[in-house]
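Visitor: This is the content of start-v5.pdb (PDB, C-alpha atoms):
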```
ATOM      1  CA  MET A   1     106.257  42.775 143.948
ATOM      2  CA  LYS A   2     105.141  43.987 147.358
ATOM      3  CA  ILE A   3     107.092  46.323 149.650
ATOM      4  CA  VAL A   4     106.109  46.789 153.286
ATOM      5  CA  LEU A   5     107.702  49.397 155.556
ATOM      6  CA  SER A   6     106.985  48.754 159.233
ATOM      7  CA  ASN A   7     107.754  51.444 161.828
ATOM      8  CA  TYR A   8     110.810  52.502 159.811
ATOM      9  CA  THR A   9     112.825  55.131 161.676
ATOM     10  CA  LYS A  10     116.149  56.683 160.725
ATOM     11  CA  ILE A  11     118.151  59.014 162.961
ATOM     12  CA  LEU A  12     121.121  60.925 161.583
ATOM     13  CA  SER A  13     123.275  63.135 163.825
ATOM     14  CA  ARG A  14     120.556  63.056 166.509
ATOM     15  CA  THR A  15     117.949  64.234 163.989
ATOM     16  CA  CYS A  16     115.035  61.964 163.128
ATOM     17  CA  VAL A  17     114.878  62.155 159.335
ATOM     18  CA  LEU A  18     112.313  59.338 158.982
ATOM     19  CA  ASP A  19     109.885  58.882 161.840
ATOM     20  CA  ASP A  20     107.941  55.629 162.292
ATOM     21  CA  ILE A  21     107.117  55.172 158.597
ATOM     22  CA  CYS A  22     104.463  52.546 157.854
ATOM     23  CA  LEU A  23     103.681  52.059 154.166
ATOM     24  CA  GLU A  24     102.649  49.327 151.744
ATOM     25  CA  LEU A  25     103.478  49.442 148.035
ATOM     26  CA  GLU A  26     102.318  46.898 145.464
ATOM     27  CA  SER A  27     102.856  46.222 141.785
ATOM     28  CA  GLY A  28     100.668  47.846 139.163
ATOM     29  CA  LYS A  29     100.613  51.267 140.795
ATOM     30  CA  ILE A  30     102.386  54.613 140.654
ATOM     31  CA  TYR A  31     103.106  56.154 144.064
ATOM     32  CA  GLY A  32     103.754  59.868 144.470
ATOM     33  CA  PHE A  33     105.716  61.309 147.408
ATOM     34  CA  VAL A  34     105.057  64.993 148.111
ATOM     35  CA  GLY A  35     106.299  67.494 150.655
ATOM     36  CA  LYS A  36     108.575  70.488 151.068
ATOM     37  CA  ASN A  37     112.315  70.305 150.445
ATOM     38  CA  GLY A  38     114.001  68.488 153.310
ATOM     39  CA  CYS A  39     110.820  66.738 154.454
ATOM     40  CA  GLY A  40     112.267  63.245 153.969
ATOM     41  CA  LYS A  41     111.076  62.241 150.457
ATOM     42  CA  THR A  42     114.542  61.540 149.102
ATOM     43  CA  MET A  43     115.636  59.821 152.302
ATOM     44  CA  LEU A  44     112.612  57.521 152.078
ATOM     45  CA  MET A  45     113.519  56.648 148.490
ATOM     46  CA  ARG A  46     117.086  55.898 149.562
ATOM     47  CA  ALA A  47     115.729  53.645 152.309
ATOM     48  CA  ILE A  48     113.587  51.654 149.860
ATOM     49  CA  CYS A  49     116.647  51.231 147.607
ATOM     50  CA  GLY A  50     118.627  49.802 150.519
ATOM     51  CA  LEU A  51     121.096  52.700 150.482
ATOM     52  CA  ILE A  52     120.595  53.425 154.179
ATOM     53  CA  VAL A  53     119.863  51.126 157.121
ATOM     54  CA  PRO A  54     117.159  51.858 159.700
ATOM     55  CA  THR A  55     117.745  52.912 163.247
ATOM     56  CA  SER A  56     114.653  50.834 163.993
ATOM     57  CA  GLY A  57     111.890  49.149 162.022
ATOM     58  CA  GLU A  58     112.213  47.251 158.758
ATOM     59  CA  ILE A  59     111.474  47.028 155.050
ATOM     60  CA  VAL A  60     110.267  43.700 153.660
ATOM     61  CA  ILE A  61     110.228  43.039 149.917
ATOM     62  CA  ASP A  62     108.299  39.956 148.817
ATOM     63  CA  GLY A  63     108.813  38.392 152.234
ATOM     64  CA  LYS A  64     112.547  39.171 152.484
ATOM     65  CA  GLN A  65     113.897  41.752 154.915
ATOM     66  CA  LEU A  66     116.011  44.460 153.305
ATOM     67  CA  GLY A  67     119.466  44.645 154.877
ATOM     68  CA  LYS A  68     119.155  41.177 156.368
ATOM     69  CA  ASP A  69     117.922  38.664 153.798
ATOM     70  CA  ILE A  70     118.761  40.889 150.806
ATOM     71  CA  SER A  71     121.047  43.920 150.477
ATOM     72  CA  PHE A  72     119.025  45.658 147.761
ATOM     73  CA  PRO A  73     115.689  45.184 146.014
ATOM     74  CA  PRO A  74     116.107  42.326 143.493
ATOM     75  CA  SER A  75     115.084  44.416 140.481
ATOM     76  CA  VAL A  76     115.423  48.181 140.841
ATOM     77  CA  GLY A  77     116.279  51.246 138.780
ATOM     78  CA  ALA A  78     116.600  54.631 140.437
ATOM     79  CA  LEU A  79     117.241  58.295 139.745
ATOM     80  CA  ILE A  80     117.919  59.846 143.135
ATOM     81  CA  GLU A  81     119.460  63.305 143.454
ATOM     82  CA  ASN A  82     122.269  63.835 140.899
ATOM     83  CA  PRO A  83     122.736  60.930 138.466
ATOM     84  CA  GLY A  84     126.288  59.606 138.440
ATOM     85  CA  PHE A  85     127.826  58.905 135.047
ATOM     86  CA  ILE A  86     131.342  58.774 133.593
ATOM     87  CA  SER A  87     132.106  62.286 132.339
ATOM     88  CA  GLY A  88     134.261  61.183 129.403
ATOM     89  CA  TYR A  89     131.711  58.693 128.021
ATOM     90  CA  THR A  90     128.846  59.412 125.625
ATOM     91  CA  GLY A  91     125.283  58.701 126.737
ATOM     92  CA  TYR A  92     125.285  55.455 124.767
ATOM     93  CA  LYS A  93     128.629  54.328 126.200
ATOM     94  CA  ASN A  94     127.484  55.147 129.755
ATOM     95  CA  LEU A  95     124.382  52.984 129.326
ATOM     96  CA  LYS A  96     126.476  50.280 127.658
ATOM     97  CA  TYR A  97     128.741  50.242 130.719
ATOM     98  CA  LEU A  98     125.729  50.185 133.034
ATOM     99  CA  SER A  99     124.149  47.323 131.061
ATOM    100  CA  GLN A 100     127.322  45.246 131.438
ATOM    101  CA  ILE A 101     127.007  45.596 135.212
ATOM    102  CA  GLN A 102     123.304  44.705 135.211
ATOM    103  CA  GLY A 103     123.483  41.739 132.826
ATOM    104  CA  GLN A 104     122.310  40.941 129.342
ATOM    105  CA  ILE A 105     120.889  44.105 127.755
ATOM    106  CA  SER A 106     121.043  44.346 123.965
ATOM    107  CA  GLU A 107     122.423  47.269 121.993
ATOM    108  CA  LYS A 108     118.959  47.729 120.485
ATOM    109  CA  GLU A 109     117.442  48.131 123.947
ATOM    110  CA  ILE A 110     120.079  50.729 124.842
ATOM    111  CA  CYS A 111     119.228  52.698 121.689
ATOM    112  CA  ASP A 112     115.481  52.327 122.286
ATOM    113  CA  VAL A 113     115.771  53.588 125.876
ATOM    114  CA  LEU A 114     117.841  56.600 124.817
ATOM    115  CA  GLU A 115     115.340  57.475 122.094
ATOM    116  CA  SER A 116     112.417  57.047 124.514
ATOM    117  CA  VAL A 117     113.741  59.906 126.663
ATOM    118  CA  GLY A 118     114.657  62.085 123.675
ATOM    119  CA  LEU A 119     118.395  61.396 123.338
ATOM    120  CA  ASP A 120     120.180  60.426 120.129
ATOM    121  CA  PRO A 121     122.137  57.149 120.549
ATOM    122  CA  LYS A 122     124.610  58.372 117.897
ATOM    123  CA  ASP A 123     125.357  61.670 119.658
ATOM    124  CA  ARG A 124     129.146  61.752 120.138
ATOM    125  CA  ARG A 125     129.090  64.407 122.867
ATOM    126  CA  THR A 126     130.423  63.174 126.185
ATOM    127  CA  TYR A 127     128.493  63.463 129.431
ATOM    128  CA  ARG A 128     130.608  66.421 130.602
ATOM    129  CA  LYS A 129     129.253  68.422 127.655
ATOM    130  CA  TYR A 130     125.615  67.560 128.372
ATOM    131  CA  SER A 131     123.168  70.266 129.404
ATOM    132  CA  LEU A 132     121.186  69.897 132.637
ATOM    133  CA  GLY A 133     118.203  68.615 130.667
ATOM    134  CA  MET A 134     120.291  66.045 128.779
ATOM    135  CA  ARG A 135     121.808  64.802 132.046
ATOM    136  CA  GLN A 136     118.332  64.412 133.483
ATOM    137  CA  LYS A 137     117.189  62.437 130.434
ATOM    138  CA  LEU A 138     120.181  60.112 130.721
ATOM    139  CA  GLY A 139     119.463  59.657 134.430
ATOM    140  CA  ILE A 140     115.911  58.567 133.624
ATOM    141  CA  ALA A 141     117.200  56.258 130.879
ATOM    142  CA  GLY A 142     119.611  54.693 133.360
ATOM    143  CA  ALA A 143     116.777  54.114 135.842
ATOM    144  CA  ILE A 144     114.464  52.348 133.385
ATOM    145  CA  ILE A 145     116.909  50.303 131.304
ATOM    146  CA  GLY A 146     116.575  46.572 131.821
ATOM    147  CA  LYS A 147     112.859  46.842 132.661
ATOM    148  CA  PRO A 148     113.243  46.770 136.481
ATOM    149  CA  GLN A 149     110.261  45.819 138.647
ATOM    150  CA  LEU A 150     110.859  48.810 140.927
ATOM    151  CA  ILE A 151     111.486  52.247 139.396
ATOM    152  CA  ILE A 152     112.255  55.222 141.646
ATOM    153  CA  LEU A 153     112.406  58.707 140.118
ATOM    154  CA  ASP A 154     113.292  61.621 142.390
ATOM    155  CA  GLU A 155     112.221  64.910 140.729
ATOM    156  CA  PRO A 156     112.390  63.464 137.183
ATOM    157  CA  PHE A 157     111.135  66.677 135.532
ATOM    158  CA  ASN A 158     113.962  68.910 136.776
ATOM    159  CA  GLY A 159     115.661  70.818 133.955
ATOM    160  CA  LEU A 160     113.321  69.567 131.219
ATOM    161  CA  ASP A 161     111.699  71.775 128.588
ATOM    162  CA  GLU A 162     107.934  71.551 128.080
ATOM    163  CA  GLU A 163     108.124  69.137 125.143
ATOM    164  CA  THR A 164     110.418  66.741 127.012
ATOM    165  CA  HIS A 165     108.311  67.148 130.154
ATOM    166  CA  GLN A 166     105.290  65.815 128.261
ATOM    167  CA  ARG A 167     107.381  63.010 126.752
ATOM    168  CA  ILE A 168     108.572  61.835 130.180
ATOM    169  CA  HIS A 169     105.058  62.191 131.622
ATOM    170  CA  GLN A 170     103.733  59.802 128.969
ATOM    171  CA  LEU A 171     106.743  57.502 129.339
ATOM    172  CA  ILE A 172     106.037  57.091 133.056
ATOM    173  CA  LEU A 173     102.426  56.155 132.297
ATOM    174  CA  ASP A 174     103.618  53.690 129.654
ATOM    175  CA  LEU A 175     106.005  52.087 132.160
ATOM    176  CA  LYS A 176     103.153  51.225 134.501
ATOM    177  CA  THR A 177     102.518  47.469 134.349
ATOM    178  CA  SER A 178     100.942  44.834 136.579
ATOM    179  CA  GLU A 179     104.426  43.633 137.640
ATOM    180  CA  ARG A 180     105.988  47.006 138.394
ATOM    181  CA  ILE A 181     106.036  49.569 141.203
ATOM    182  CA  ILE A 182     106.850  53.165 140.261
ATOM    183  CA  ILE A 183     107.709  55.740 142.940
ATOM    184  CA  LEU A 184     107.910  59.446 142.086
ATOM    185  CA  SER A 185     108.645  62.672 143.870
ATOM    186  CA  CYS A 186     107.935  66.058 142.339
ATOM    187  CA  HIS A 187     107.621  69.614 143.637
ATOM    188  CA  ASP A 188     104.641  70.064 141.270
ATOM    189  CA  ARG A 189     101.654  68.689 143.201
ATOM    190  CA  GLU A 190      99.423  68.872 140.123
ATOM    191  CA  GLU A 191     101.845  66.717 138.121
ATOM    192  CA  ILE A 192     101.975  64.094 140.867
ATOM    193  CA  GLU A 193      98.183  64.013 141.056
ATOM    194  CA  LYS A 194      97.947  63.395 137.297
ATOM    195  CA  LEU A 195     100.387  60.489 137.386
ATOM    196  CA  SER A 196      99.919  58.757 140.722
ATOM    197  CA  ASP A 197      97.457  56.162 141.956
ATOM    198  CA  SER A 198      98.397  57.004 145.533
ATOM    199  CA  ILE A 199      99.912  60.165 147.027
ATOM    200  CA  THR A 200     101.897  60.059 150.269
ATOM    201  CA  GLU A 201     102.411  63.446 151.921
ATOM    202  CA  ILE A 202     105.476  63.723 154.134
ATOM    203  CA  LYS A 203     106.248  66.433 156.683
ATOM    204  CA  GLN A 204     109.342  66.523 158.914
ATOM    205  CA  GLY A 205     110.032  62.849 158.282
ATOM    206  CA  LYS A 206     106.504  61.673 159.088
ATOM    207  CA  ILE A 207     103.686  60.521 156.833
ATOM    208  CA  VAL A 208     100.832  62.943 157.478
ATOM    209  CA  CYS A 209      98.391  61.808 154.771
ATOM    210  CA  ILE A 210      97.931  59.091 152.154
ATOM    211  CA  THR A 211      95.378  59.758 149.415
ATOM    212  CA  HIS A 212      94.349  57.200 146.815
ATOM    213  CA  LYS A 213      93.126  58.373 143.417
ATOM    214  CA  ALA A 214      89.735  56.705 143.847
ATOM    215  CA  GLU A 215      89.264  58.552 147.144
ATOM    216  CA  SER A 216      90.278  61.856 145.541
ATOM    217  CA  ASN A 217      87.834  61.365 142.657
ATOM    218  CA  ASN A 218      85.014  60.561 145.086
ATOM    219  CA  GLU A 219      85.772  63.713 147.067
ATOM    220  CA  ASP A 220      85.555  65.779 143.868
ATOM    221  CA  LYS A 221      82.174  64.250 142.972
ATOM    222  CA  ASN A 222      80.787  64.951 146.422
ATOM    223  CA  GLN A 223      81.721  68.645 146.306
TER
END
```
What's the structure tokens form of this structure?
Guide:
Amino acid sequence: MKIVLSNYTKILSRTCVLDDICLELESGKIYGFVGKNGCGKTMLMRAICGLIVPTSGEIVIDGKQLGKDISFPPSVGALIENPGFISGYTGYKNLKYLSQIQGQISEKEICDVLESVGLDPKDRRTYRKYSLGMRQKLGIAGAIIGKPQLIILDEPFNGLDEETHQRIHQLILDLKTSERIIILSCHDREEIEKLSDSITEIKQGKIVCITHKAESNNEDKNQ
């Protein structure tokens, strides 16, 4: 998969929330988006998901223009802002419902995904009774189920204890494959640097710097 953003600009209520974004993303890499709250990270993720349309510019995914040739990326899982689940369903039943929308996903895969994020598939508690950390885990599970080619995780470590934090860190590394693009945002710059092959810094809706891991390592050696 290859995603190309060309001069992507989005204006909302006369405010430019994404300003002339040019970016290329390709399979086999983890991309980290960093910047202060309100800088445009989440809006950029929403744009790549096809959830907003540009004021100008375009996004092309494998040669097809988003919003014109395709409405959404062909294979995507995303955790953006607050995950939306049915409050009266258990975690398992929520993923079961989601899997029916997405297509053929086995019960074993649902259980495996829940266990991978640290949730018990047999837990009978409904989503409304979940803690913040449990809701975050289920949101991550919902984003990765079905093995999508594009995974977008907006602040995936929010509300997680240290043990779960390390579990999700390793899970993200394990999800990296030659056919998959992973996009992350995180307020912890050190965490992003550990996980990402490329870091895109955003300020007031503009890309101000893109650093690749190889470049960063070379800089460290030269100091």
Visitor: Which one of A:Met1, A:Gln65, A:Ile70, A:Asp123 sits closest to Tyr89 (chain A) if you count all atoms listed in the file?
Guide: A:Asp123
Visitor: For this structure, which residues satisfy the selection - the PyMOL selection byres ((chain A and resi 182-189) around 8) - when it is evaluated on the file as given? I want them as a VMD selection string.
Guide: chain A and resid 29 to 36 41 to 42 150 to 157 176 180 to 181 190 to 193
Visitor: Taking all atoms listed in the file into account, which of A:Ala141, A:Ile199, A:Ile168, A:Leu132 comes nearest Gly77 (chain A)?
Guide: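 Using all atoms listed in the file, Gly77 (chain A) sits closest to A:Ala141.
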Visitor: For the atom pair CA of Ile140 (chain A) and CA of Leu79 (chain A), what is the interatomic distance in Å to one decimal place?
Guide: 6.3 Å
Visitor: Which residue, A:Tyr92, A:Ile11, A:Ser75, A:Ser99, has the smallest gap to Cys111 (chain A) when you use only C-alpha atoms?
Guide: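 So, comparing all the options, the nearest one is A:Tyr92.
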Visitor: Could you state the separation of CA of Thr177 (chain A) and CA of Asp197 (chain A) in Å, given to one decimal place?
Guide: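 Computing the Euclidean distance for CA of Thr177 (chain A) and CA of Asp197 (chain A) yields 12.6 Å.
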Visitor: Need the shell around Lys194 (chain A): protein/DNA/RNA residues with any atom at most 10 Å away, counting all atoms listed in the file. Skip same-chain ones fewer than 6 positions apart. Format as a PDB file with C-alpha atoms, in the coordinates of the input?
Guide:
```pdb
ATOM      1  CA  GLY A  32     103.754  59.868 144.470  1.00  0.00           C
ATOM      2  CA  HIS A 169     105.058  62.191 131.622  1.00  0.00           C
ATOM      3  CA  LEU A 173     102.426  56.155 132.297  1.00  0.00           C
ATOM      4  CA  LYS A 213      93.126  58.373 143.417  1.00  0.00           C
TER       5      LYS A 213
END
```
Visitor: Pick from A:Ser178, A:Asn94, A:Gln170, A:Gln100: nearest to Tyr127 (chain A), with all atoms listed in the file counted?
Guide: A:Asn94
